[in-house]
Structure formats: C-alpha cells, structure tokens
$ cat upload.txt   # compact mmCIF, C-alpha atoms and all ligand atoms
# COMPACT_ATOMS: atom_id res chain seq x y z
CA MET A 145 -65.73 -111.58 -125.37
CA ASP A 146 -68.51 -111.00 -127.90
CA ALA A 147 -72.15 -111.37 -126.92
CA ILE A 148 -72.68 -114.74 -128.56
CA ALA A 149 -69.59 -116.31 -126.97
CA GLU A 150 -70.70 -114.89 -123.63
CA ARG A 151 -74.19 -116.39 -124.00
CA LEU A 152 -72.73 -119.79 -124.96
CA ARG A 153 -70.48 -119.69 -121.91
CA ALA A 154 -73.44 -118.79 -119.67
CA VAL A 155 -75.53 -121.70 -121.04
CA ARG A 156 -72.62 -124.11 -120.48
CA GLU A 157 -72.28 -122.87 -116.89
CA ARG A 158 -76.00 -123.32 -116.26
CA ILE A 159 -75.81 -126.88 -117.65
CA ALA A 160 -72.88 -127.65 -115.36
CA ALA A 161 -74.70 -126.18 -112.34
CA ALA A 162 -77.85 -128.20 -113.10
CA CYS A 163 -75.75 -131.38 -113.42
CA ASP A 164 -74.15 -130.56 -110.11
CA ARG A 165 -77.52 -130.06 -108.38
CA ALA A 166 -78.76 -133.35 -109.82
CA GLY A 167 -75.62 -135.23 -108.82
CA ARG A 168 -74.79 -135.95 -112.45
CA ALA A 169 -71.42 -135.67 -114.19
CA PRO A 170 -71.34 -132.73 -116.63
CA GLY A 171 -70.29 -135.13 -119.41
CA GLU A 172 -73.68 -136.87 -119.16
CA VAL A 173 -75.47 -133.99 -120.86
CA GLU A 174 -74.72 -132.80 -124.39
CA LEU A 175 -75.54 -129.32 -125.63
CA LEU A 176 -77.18 -129.17 -129.05
CA ALA A 177 -77.05 -125.55 -130.27
CA VAL A 178 -80.21 -124.97 -132.32
CA SER A 179 -79.19 -122.70 -135.16
CA LYS A 180 -82.47 -122.57 -137.10
CA THR A 181 -83.18 -119.21 -138.80
CA PHE A 182 -79.61 -117.99 -138.18
CA PRO A 183 -77.27 -117.63 -141.17
CA SER A 184 -74.07 -119.59 -141.55
CA GLU A 185 -71.90 -116.62 -140.47
CA VAL A 186 -73.57 -116.64 -137.07
CA VAL A 187 -73.23 -120.42 -136.75
CA ARG A 188 -69.55 -119.99 -137.56
CA GLU A 189 -69.22 -117.51 -134.69
CA VAL A 190 -70.73 -119.99 -132.25
CA ALA A 191 -68.44 -122.70 -133.63
CA GLU A 192 -65.44 -120.45 -133.11
CA ALA A 193 -66.54 -119.99 -129.50
CA GLY A 194 -66.08 -123.75 -129.08
CA GLN A 195 -69.46 -125.34 -129.93
CA CYS A 196 -69.36 -128.15 -132.51
CA LEU A 197 -72.82 -129.78 -132.27
CA PHE A 198 -75.72 -127.98 -133.99
CA GLY A 199 -79.40 -128.67 -134.69
CA GLU A 200 -81.68 -127.63 -137.53
CA ASN A 201 -85.43 -128.15 -137.81
CA ARG A 202 -86.25 -127.44 -141.48
CA ALA A 203 -84.95 -129.66 -144.25
CA GLN A 204 -84.57 -126.95 -146.89
CA GLU A 205 -82.64 -124.68 -144.53
CA ALA A 206 -80.42 -127.55 -143.37
CA VAL A 207 -79.63 -128.59 -146.93
CA GLU A 208 -78.53 -125.05 -147.78
CA LYS A 209 -76.70 -124.20 -144.57
CA ILE A 210 -74.80 -127.32 -143.55
CA PRO A 211 -72.58 -127.56 -146.67
CA MET A 212 -71.48 -123.93 -146.18
CA LEU A 213 -69.93 -124.72 -142.80
CA PRO A 214 -66.77 -126.61 -141.85
CA ASP A 215 -66.89 -130.42 -141.98
CA SER A 216 -65.75 -130.51 -138.37
CA LEU A 217 -69.23 -129.44 -137.20
CA ARG A 218 -71.73 -132.15 -136.28
CA TRP A 219 -75.44 -131.81 -137.08
CA HIS A 220 -78.68 -133.24 -135.75
CA PHE A 221 -82.08 -132.84 -137.41
CA ILE A 222 -84.78 -131.93 -134.88
CA GLY A 223 -87.86 -130.91 -136.91
CA HIS A 224 -90.67 -132.87 -138.50
CA LEU A 225 -89.08 -134.74 -141.40
CA GLN A 226 -91.19 -135.26 -144.50
CA ARG A 227 -90.47 -138.62 -146.03
CA ASN A 228 -89.43 -137.12 -149.37
CA LYS A 229 -86.68 -135.12 -147.63
CA ALA A 230 -84.98 -138.05 -145.89
CA ARG A 231 -82.63 -138.81 -148.78
CA LYS A 232 -81.21 -135.28 -148.68
CA ILE A 233 -81.00 -134.98 -144.90
CA LEU A 234 -79.56 -138.33 -143.83
CA PRO A 235 -76.13 -137.84 -145.41
CA LEU A 236 -75.79 -134.47 -143.61
CA VAL A 237 -76.67 -135.40 -140.04
CA GLU A 238 -75.56 -137.92 -137.45
CA ALA A 239 -78.92 -138.09 -135.66
CA VAL A 240 -82.63 -137.41 -136.21
CA HIS A 241 -84.52 -136.41 -133.03
CA SER A 242 -87.95 -136.33 -134.60
CA VAL A 243 -88.88 -139.83 -135.72
CA ASP A 244 -92.58 -139.45 -135.06
CA SER A 245 -94.25 -142.46 -136.71
CA LEU A 246 -93.54 -146.07 -137.60
CA ARG A 247 -94.09 -145.14 -141.23
CA LEU A 248 -91.37 -142.46 -141.13
CA ALA A 249 -89.03 -144.81 -139.26
CA GLY A 250 -89.54 -147.48 -141.91
CA HIS A 251 -88.82 -144.98 -144.66
CA ILE A 252 -85.66 -143.68 -142.96
CA ASN A 253 -84.54 -147.28 -142.51
CA GLN A 254 -85.04 -147.96 -146.25
CA VAL A 255 -83.25 -144.79 -147.39
CA ALA A 256 -80.42 -145.41 -144.91
CA ALA A 257 -79.99 -148.93 -146.30
CA ASP A 258 -79.82 -147.53 -149.86
CA LEU A 259 -77.22 -144.99 -148.80
CA GLY A 260 -75.23 -147.34 -146.56
CA LEU A 261 -75.94 -145.27 -143.44
CA SER A 262 -76.90 -146.16 -139.86
CA PRO A 263 -78.49 -143.01 -138.45
CA LYS A 264 -78.93 -142.49 -134.73
CA VAL A 265 -82.53 -141.64 -133.95
CA TYR A 266 -84.72 -140.52 -131.09
CA LEU A 267 -88.41 -141.41 -131.10
CA GLU A 268 -90.48 -138.26 -130.65
CA VAL A 269 -93.28 -138.59 -128.12
CA ASN A 270 -96.32 -136.32 -127.99
CA ILE A 271 -96.16 -136.61 -124.26
CA ALA A 272 -99.01 -134.22 -123.49
CA GLY A 273 -101.24 -135.52 -126.28
CA GLU A 274 -101.46 -132.12 -127.98
CA ALA A 275 -103.50 -132.03 -131.18
CA SER A 276 -101.08 -129.54 -132.78
CA LYS A 277 -97.94 -131.61 -132.27
CA HIS A 278 -96.18 -134.43 -134.04
CA GLY A 279 -94.95 -137.47 -132.17
CA PHE A 280 -96.04 -140.91 -131.06
CA GLN A 281 -98.79 -141.02 -128.49
CA PRO A 282 -97.37 -143.10 -125.62
CA GLY A 283 -99.81 -145.93 -126.40
CA ASP A 284 -98.83 -145.94 -130.09
CA LEU A 285 -95.20 -146.07 -129.12
CA ARG A 286 -95.77 -149.06 -126.83
CA ALA A 287 -97.55 -150.80 -129.70
CA SER A 288 -94.88 -149.90 -132.29
CA MET A 289 -91.74 -150.47 -130.25
CA GLN A 290 -91.09 -154.03 -131.35
CA ALA A 291 -91.40 -153.09 -135.02
CA LEU A 292 -89.18 -150.03 -134.51
CA LEU A 293 -86.47 -152.08 -132.82
CA ALA A 294 -86.54 -154.52 -135.74
CA LEU A 295 -85.47 -151.84 -138.27
CA PRO A 296 -81.85 -152.86 -138.83
CA GLN A 297 -80.35 -149.56 -140.01
CA LEU A 298 -81.63 -147.42 -137.15
CA GLU A 299 -79.67 -146.96 -133.97
CA ILE A 300 -82.46 -145.98 -131.56
CA LEU A 301 -80.84 -143.86 -128.86
CA GLY A 302 -83.96 -143.03 -126.87
CA LEU A 303 -86.90 -140.64 -126.72
CA MET A 304 -87.44 -136.96 -127.49
CA ALA A 305 -90.19 -134.52 -126.54
CA VAL A 306 -91.23 -130.90 -126.78
CA PRO A 307 -93.63 -130.41 -123.86
CA PRO A 308 -96.33 -127.73 -123.92
CA VAL A 309 -95.21 -124.18 -123.19
CA GLY A 310 -96.05 -123.48 -119.57
CA PRO A 311 -95.99 -120.41 -117.33
CA ASP A 312 -92.51 -121.27 -116.06
CA ALA A 313 -89.79 -123.90 -116.35
CA GLY A 314 -91.28 -125.93 -113.51
CA ALA A 315 -94.41 -126.54 -115.58
CA SER A 316 -92.34 -128.84 -117.82
CA ARG A 317 -91.20 -131.04 -114.93
CA PRO A 318 -94.17 -133.45 -114.91
CA TRP A 319 -93.75 -134.00 -118.68
CA PHE A 320 -90.05 -134.70 -118.29
CA LEU A 321 -90.83 -137.13 -115.47
CA ALA A 322 -93.44 -138.83 -117.67
CA MET A 323 -90.84 -139.14 -120.45
CA ARG A 324 -88.33 -140.76 -118.17
CA ALA A 325 -90.96 -143.17 -116.83
CA LEU A 326 -92.02 -144.11 -120.37
CA ARG A 327 -88.38 -144.65 -121.33
CA ASP A 328 -87.79 -146.85 -118.27
CA GLU A 329 -90.92 -148.85 -119.04
CA LEU A 330 -90.01 -149.44 -122.72
CA SER A 331 -86.43 -150.19 -121.83
CA ALA A 332 -87.48 -152.86 -119.32
CA ALA A 333 -90.19 -154.31 -121.58
CA HIS A 334 -87.83 -154.75 -124.54
CA GLY A 335 -84.50 -155.28 -122.83
CA VAL A 336 -82.84 -152.33 -124.59
CA PRO A 337 -81.03 -149.41 -122.92
CA LEU A 338 -82.77 -146.42 -124.60
CA GLY A 339 -80.31 -144.29 -122.66
CA GLY A 340 -80.96 -141.06 -124.53
CA LEU A 341 -83.52 -138.47 -123.49
CA SER A 342 -83.60 -135.44 -125.80
CA MET A 343 -85.46 -132.88 -123.75
CA GLY A 344 -85.07 -129.30 -122.55
CA MET A 345 -84.99 -126.03 -124.50
CA SER A 346 -84.01 -122.47 -123.61
CA ASN A 347 -86.93 -122.05 -121.21
CA ASP A 348 -86.60 -125.31 -119.30
CA PHE A 349 -83.26 -127.07 -119.94
CA GLU A 350 -82.15 -126.97 -116.31
CA VAL A 351 -85.33 -128.72 -115.15
CA ALA A 352 -84.87 -131.24 -117.98
CA ILE A 353 -81.35 -132.01 -116.75
CA GLU A 354 -82.61 -132.48 -113.21
CA GLU A 355 -85.11 -135.03 -114.58
CA GLY A 356 -82.66 -137.03 -116.67
CA SER A 357 -82.14 -135.30 -120.02
CA THR A 358 -79.01 -136.43 -121.86
CA ILE A 359 -79.14 -133.81 -124.62
CA VAL A 360 -80.64 -130.33 -124.37
CA ARG A 361 -81.67 -128.45 -127.52
CA VAL A 362 -80.95 -124.79 -126.86
CA GLY A 363 -81.54 -122.08 -129.48
CA SER A 364 -82.46 -118.58 -128.38
CA SER A 365 -80.42 -118.57 -125.16
CA ILE A 366 -77.31 -118.91 -127.34
CA PHE A 367 -78.22 -117.27 -130.65
CA GLY A 368 -80.59 -114.60 -129.36
CA ARG A 369 -84.20 -114.02 -130.35
CA ARG A 370 -85.44 -115.37 -133.66
C1 LIG B 1 -86.43 -124.33 -131.98
C2 LIG B 1 -86.34 -125.61 -131.29
C3 LIG B 1 -85.59 -125.74 -130.11
C4 LIG B 1 -84.85 -124.58 -129.45
O1 LIG B 1 -85.77 -123.68 -128.91
P1 LIG B 1 -85.29 -122.43 -128.00
O2 LIG B 1 -86.49 -122.11 -127.20
O3 LIG B 1 -84.89 -121.35 -128.94
O4 LIG B 1 -84.16 -122.90 -127.17
C5 LIG B 1 -85.52 -127.00 -129.53
N1 LIG B 1 -86.15 -128.07 -130.05
C6 LIG B 1 -86.88 -127.99 -131.18
C7 LIG B 1 -87.53 -129.22 -131.71
C8 LIG B 1 -87.00 -126.76 -131.83
O5 LIG B 1 -87.73 -126.69 -132.96

$ encode --input "upload.txt" --output "structure tokens"
Amino acid sequence: MDAIAERLRAVRERIAAACDRAGRAPGEVELLAVSKTFPSEVVREVAEAGQCLFGENRAQEAVEKIPMLPDSLRWHFIGHLQRNKARKILPLVEAVHSVDSLRLAGHINQVAADLGLSPKVYLEVNIAGEASKHGFQPGDLRASMQALLALPQLEILGLMAVPPVGPDAGASRPWFLAMRALRDELSAAHGVPLGGLSMGMSNDFEVAIEEGSTIVRVGSSIFGRR
C-alpha cells in the first residue's frame, strides 16, 4: 500500500477507536480530508484509496482544483469566505463550515437564492475569543441566531470551531466542551437540532470525537506536511 493510502487507513482506524471509546457508532463521525495546498493528482490518490469527501480553505484554489477532479467527489469549503467569492464557491460545494458573521450568512442566502441552491452551513464560533481569528463570539451568535435561522436558503447544520493551538491534544478538550454546551444551549433556546459539530483537526481529532464532534477536518495526518 502506498504511504498516502496507509495514512488514510490509519486515520480511519483512529476515528473508529475514538468512537468506540466514546460509545459512539463509527457512522456518527464523518472524515473531511483537507486537501488545501495539495495538487489535484494527490487528491486523486486519496480518492482512489476510498475517500470521497474533501475540504478546501481558499476560494481561488478551490475554484481551480475542484473542476479538475471527478464529479463523484464531494467538497466542503472550510476557510474564511469573502463575500465576493460566494457566487463562485457555492455551486462547487455542498457545505460551508466557515459562516462567521450574520452579514456573510445574509449574502450567502441571497446568492444561493439567485442560483437556486440550498447550501448546508456551519456557524463558525471564535470559541476562545482570539483576536486573530474569524468567527462569531458566543454572545454575538446568541444575539444573531434568530436572524440566522430565518434565512430561508441556508440549511444550518450546527457549529464549527478551530480552537487555539495548545501543547497537546488535551488542551483542546475544554474548547470542544464549550462548543457542545453552546450548541446545546442554542438548540434548546430555538427548538432546532443543530446536530452538527465540525471540530477536530490532525492534532486533536480523537479528543474532538470524544466530546461530540460529528465531522473532523483532517489534513496533514492524511496528506503529509504542507
Ligand atoms: C488546514 C485546516 C484543517 C486541517 O488541518 P491539519 O492540522 O492539517 O489537519 C482543518 N480545518 C481548517 C479550518 C483548516 O484550515
């Protein structure tokens, strides 16, 4: 087996083991293979090893790469989306993980209506309140939730976060717990399921699964170093 197929297999095994430890069914957690910076030939190799769901974080790169790959692959957009790029990105992806303001959500809703699309979205939360990061502050999200839920084209699946880089995977656990608590609170307050939690990357995806992640975004553990 080549190195990339071997790494994909290892990540899948670690996901299954984390599900097992957490008493969750393996089907509850999706693997999003983050292919940013890697050329289409490498993505094709990962696809041939059995992975069909991929994530990109830069609009320009996504617009160039996605059309070069088979239609059978599914794509999610995970990076900060500038409003003027939404029209190009929405037709290429089934979900956007990085809806980080009410203004962006409103714009995506408008473009989606024009294009006849109903994108799935996750609301990105700046869960640690970092100055350098995009995302709703938890308080802003509480205040915006009603308006977000009223946007008819958007299928809001849940919340997404990129917690601060810590010394080890365990350092992410309190942030993942805070995400789940915020999700539960919003879900109860608005009577909506918000079942999706997009959280966990190469360094901490097992902890994320233990704390309720439903989709892990894993790049370097599959593709190698960028
Ligand atoms: C790059 C990226 C990932 C994957 O990171 P790795 O550490 O390579 O697994 C996940 N989520 C987002 C938003 C990213 O930009």

$ closest_residue --input "upload.txt" --among "A:Lys229, A:Arg156, A:His241, A:Arg218" --to "Gly171 in chain A" --atoms "all atoms listed in the file"
A:Arg156

$ residues_near_ligand --input "upload.txt" --ligand "ligand LIG 1 (chain B)" --cutoff "9 Å" --atoms "only C-alpha atoms and all ligand atoms" --output "number ranges by chain"
A: 176-180, 199-202, 221-224, 241-242, 304-306, 342-349, 360-370

$ atom_distance --input "upload.txt" --atom1 "CA of Ala272 in chain A" --atom2 "CA of Leu303 in chain A"
14.1 Å

$ residues_around --input "upload.txt" --residues "Ile159 in chain A" --least-positions-apart "5" --cutoff "8 Å" --atoms "only C-alpha atoms" --output "JSON, numbers by chain"
{"A": [170, 173, 349, 350, 353]}

$ residues_around --input "upload.txt" --residues "range 290-298 of chain A" --least-positions-apart "5" --cutoff "10 Å" --atoms "all atoms listed in the file" --output "number ranges by chain"
A: 239, 245-247, 249-257, 260-267, 285, 330, 333-334, 336

$ closest_residue --input "upload.txt" --among "A:Val351, A:Pro311, A:Leu217, A:Lys277" --to "Arg165 in chain A" --atoms "only C-alpha atoms"
A:Val351

$ residues_around --input "upload.txt" --residues "Trp319 in chain A" --least-positions-apart "3" --cutoff "8 Å" --atoms "all atoms listed in the file" --output "NGL selection string"
:A and (271-272 or 307 or 316 or 322-323)

$ atom_distance --input "upload.txt" --atom1 "CA of Ala161 in chain A" --atom2 "CA of Ala352 in chain A"
12.7 Å

$ axis_aligned_box --input "upload.txt" --around "range 214-230 of chain A" --padding-each-side "6 Å" --output "AutoDock Vina command-line options"
--center_x -78.5 --center_y -132.6 --center_z -142.1 --size_x 37.4 --size_y 24.0 --size_z 26.5

$ atom_distance --input "upload.txt" --atom1 "CA of Lys209 in chain A" --atom2 "CA of Val237 in chain A"
12.1 Å

$ closest_residue --input "upload.txt" --among "A:Leu197, A:Leu338, A:Leu175, A:Ala287" --to "Glu238 in chain A" --atoms "only C-alpha atoms"
A:Leu197

$ closest_residue --input "upload.txt" --among "A:Glu355, A:Glu189, A:Glu174, A:Glu329" --to "Ala147 in chain A" --atoms "only C-alpha atoms"
A:Glu189

$ closest_residue --input "upload.txt" --among "A:Cys196, A:Val269, A:Met289, A:Ala166" --to "Leu341 in chain A" --atoms "only C-alpha atoms"
A:Val269

$ build_atoms --input "upload.txt" --residues "range 344-360 of chain A" --atoms "N, CA and C atoms" --output "PDB file, in the coordinates of the input"
ATOM      1  N   GLY A 344     -85.548-130.560-123.113  1.00  0.00           N
ATOM      2  CA  GLY A 344     -85.070-129.300-122.550  1.00  0.00           C
ATOM      3  C   GLY A 344     -84.687-128.334-123.638  1.00  0.00           C
ATOM      4  N   MET A 345     -85.271-127.117-123.561  1.00  0.00           N
ATOM      5  CA  MET A 345     -84.990-126.030-124.500  1.00  0.00           C
ATOM      6  C   MET A 345     -84.609-124.803-123.680  1.00  0.00           C
ATOM      7  N   SER A 346     -84.486-123.649-124.338  1.00  0.00           N
ATOM      8  CA  SER A 346     -84.010-122.470-123.610  1.00  0.00           C
ATOM      9  C   SER A 346     -84.793-122.215-122.314  1.00  0.00           C
ATOM     10  N   ASN A 347     -86.102-122.421-122.369  1.00  0.00           N
ATOM     11  CA  ASN A 347     -86.930-122.050-121.210  1.00  0.00           C
ATOM     12  C   ASN A 347     -86.899-123.064-120.078  1.00  0.00           C
ATOM     13  N   ASP A 348     -86.449-124.292-120.345  1.00  0.00           N
ATOM     14  CA  ASP A 348     -86.600-125.310-119.300  1.00  0.00           C
ATOM     15  C   ASP A 348     -85.464-126.338-119.254  1.00  0.00           C
ATOM     16  N   PHE A 349     -84.291-126.009-119.829  1.00  0.00           N
ATOM     17  CA  PHE A 349     -83.260-127.070-119.940  1.00  0.00           C
ATOM     18  C   PHE A 349     -82.704-127.490-118.587  1.00  0.00           C
ATOM     19  N   GLU A 350     -82.705-126.568-117.609  1.00  0.00           N
ATOM     20  CA  GLU A 350     -82.150-126.970-116.310  1.00  0.00           C
ATOM     21  C   GLU A 350     -83.062-127.989-115.618  1.00  0.00           C
ATOM     22  N   VAL A 351     -84.370-127.766-115.718  1.00  0.00           N
ATOM     23  CA  VAL A 351     -85.330-128.720-115.150  1.00  0.00           C
ATOM     24  C   VAL A 351     -85.194-130.069-115.871  1.00  0.00           C
ATOM     25  N   ALA A 352     -85.016-130.008-117.198  1.00  0.00           N
ATOM     26  CA  ALA A 352     -84.870-131.240-117.980  1.00  0.00           C
ATOM     27  C   ALA A 352     -83.645-132.035-117.498  1.00  0.00           C
ATOM     28  N   ILE A 353     -82.561-131.327-117.227  1.00  0.00           N
ATOM     29  CA  ILE A 353     -81.350-132.010-116.750  1.00  0.00           C
ATOM     30  C   ILE A 353     -81.603-132.634-115.382  1.00  0.00           C
ATOM     31  N   GLU A 354     -82.303-131.915-114.527  1.00  0.00           N
ATOM     32  CA  GLU A 354     -82.610-132.480-113.210  1.00  0.00           C
ATOM     33  C   GLU A 354     -83.452-133.752-113.330  1.00  0.00           C
ATOM     34  N   GLU A 355     -84.227-133.861-114.410  1.00  0.00           N
ATOM     35  CA  GLU A 355     -85.110-135.030-114.580  1.00  0.00           C
ATOM     36  C   GLU A 355     -84.553-136.064-115.552  1.00  0.00           C
ATOM     37  N   GLY A 356     -83.285-135.937-115.930  1.00  0.00           N
ATOM     38  CA  GLY A 356     -82.660-137.030-116.670  1.00  0.00           C
ATOM     39  C   GLY A 356     -82.317-136.788-118.123  1.00  0.00           C
ATOM     40  N   SER A 357     -82.510-135.570-118.624  1.00  0.00           N
ATOM     41  CA  SER A 357     -82.140-135.300-120.020  1.00  0.00           C
ATOM     42  C   SER A 357     -80.681-135.655-120.277  1.00  0.00           C
ATOM     43  N   THR A 358     -80.405-136.182-121.470  1.00  0.00           N
ATOM     44  CA  THR A 358     -79.010-136.430-121.860  1.00  0.00           C
ATOM     45  C   THR A 358     -78.560-135.510-122.983  1.00  0.00           C
ATOM     46  N   ILE A 359     -79.510-134.805-123.602  1.00  0.00           N
ATOM     47  CA  ILE A 359     -79.140-133.810-124.620  1.00  0.00           C
ATOM     48  C   ILE A 359     -80.187-132.706-124.609  1.00  0.00           C
ATOM     49  N   VAL A 360     -79.725-131.478-124.387  1.00  0.00           N
ATOM     50  CA  VAL A 360     -80.640-130.330-124.370  1.00  0.00           C
ATOM     51  C   VAL A 360     -80.497-129.583-125.689  1.00  0.00           C
TER      52      VAL A 360
END
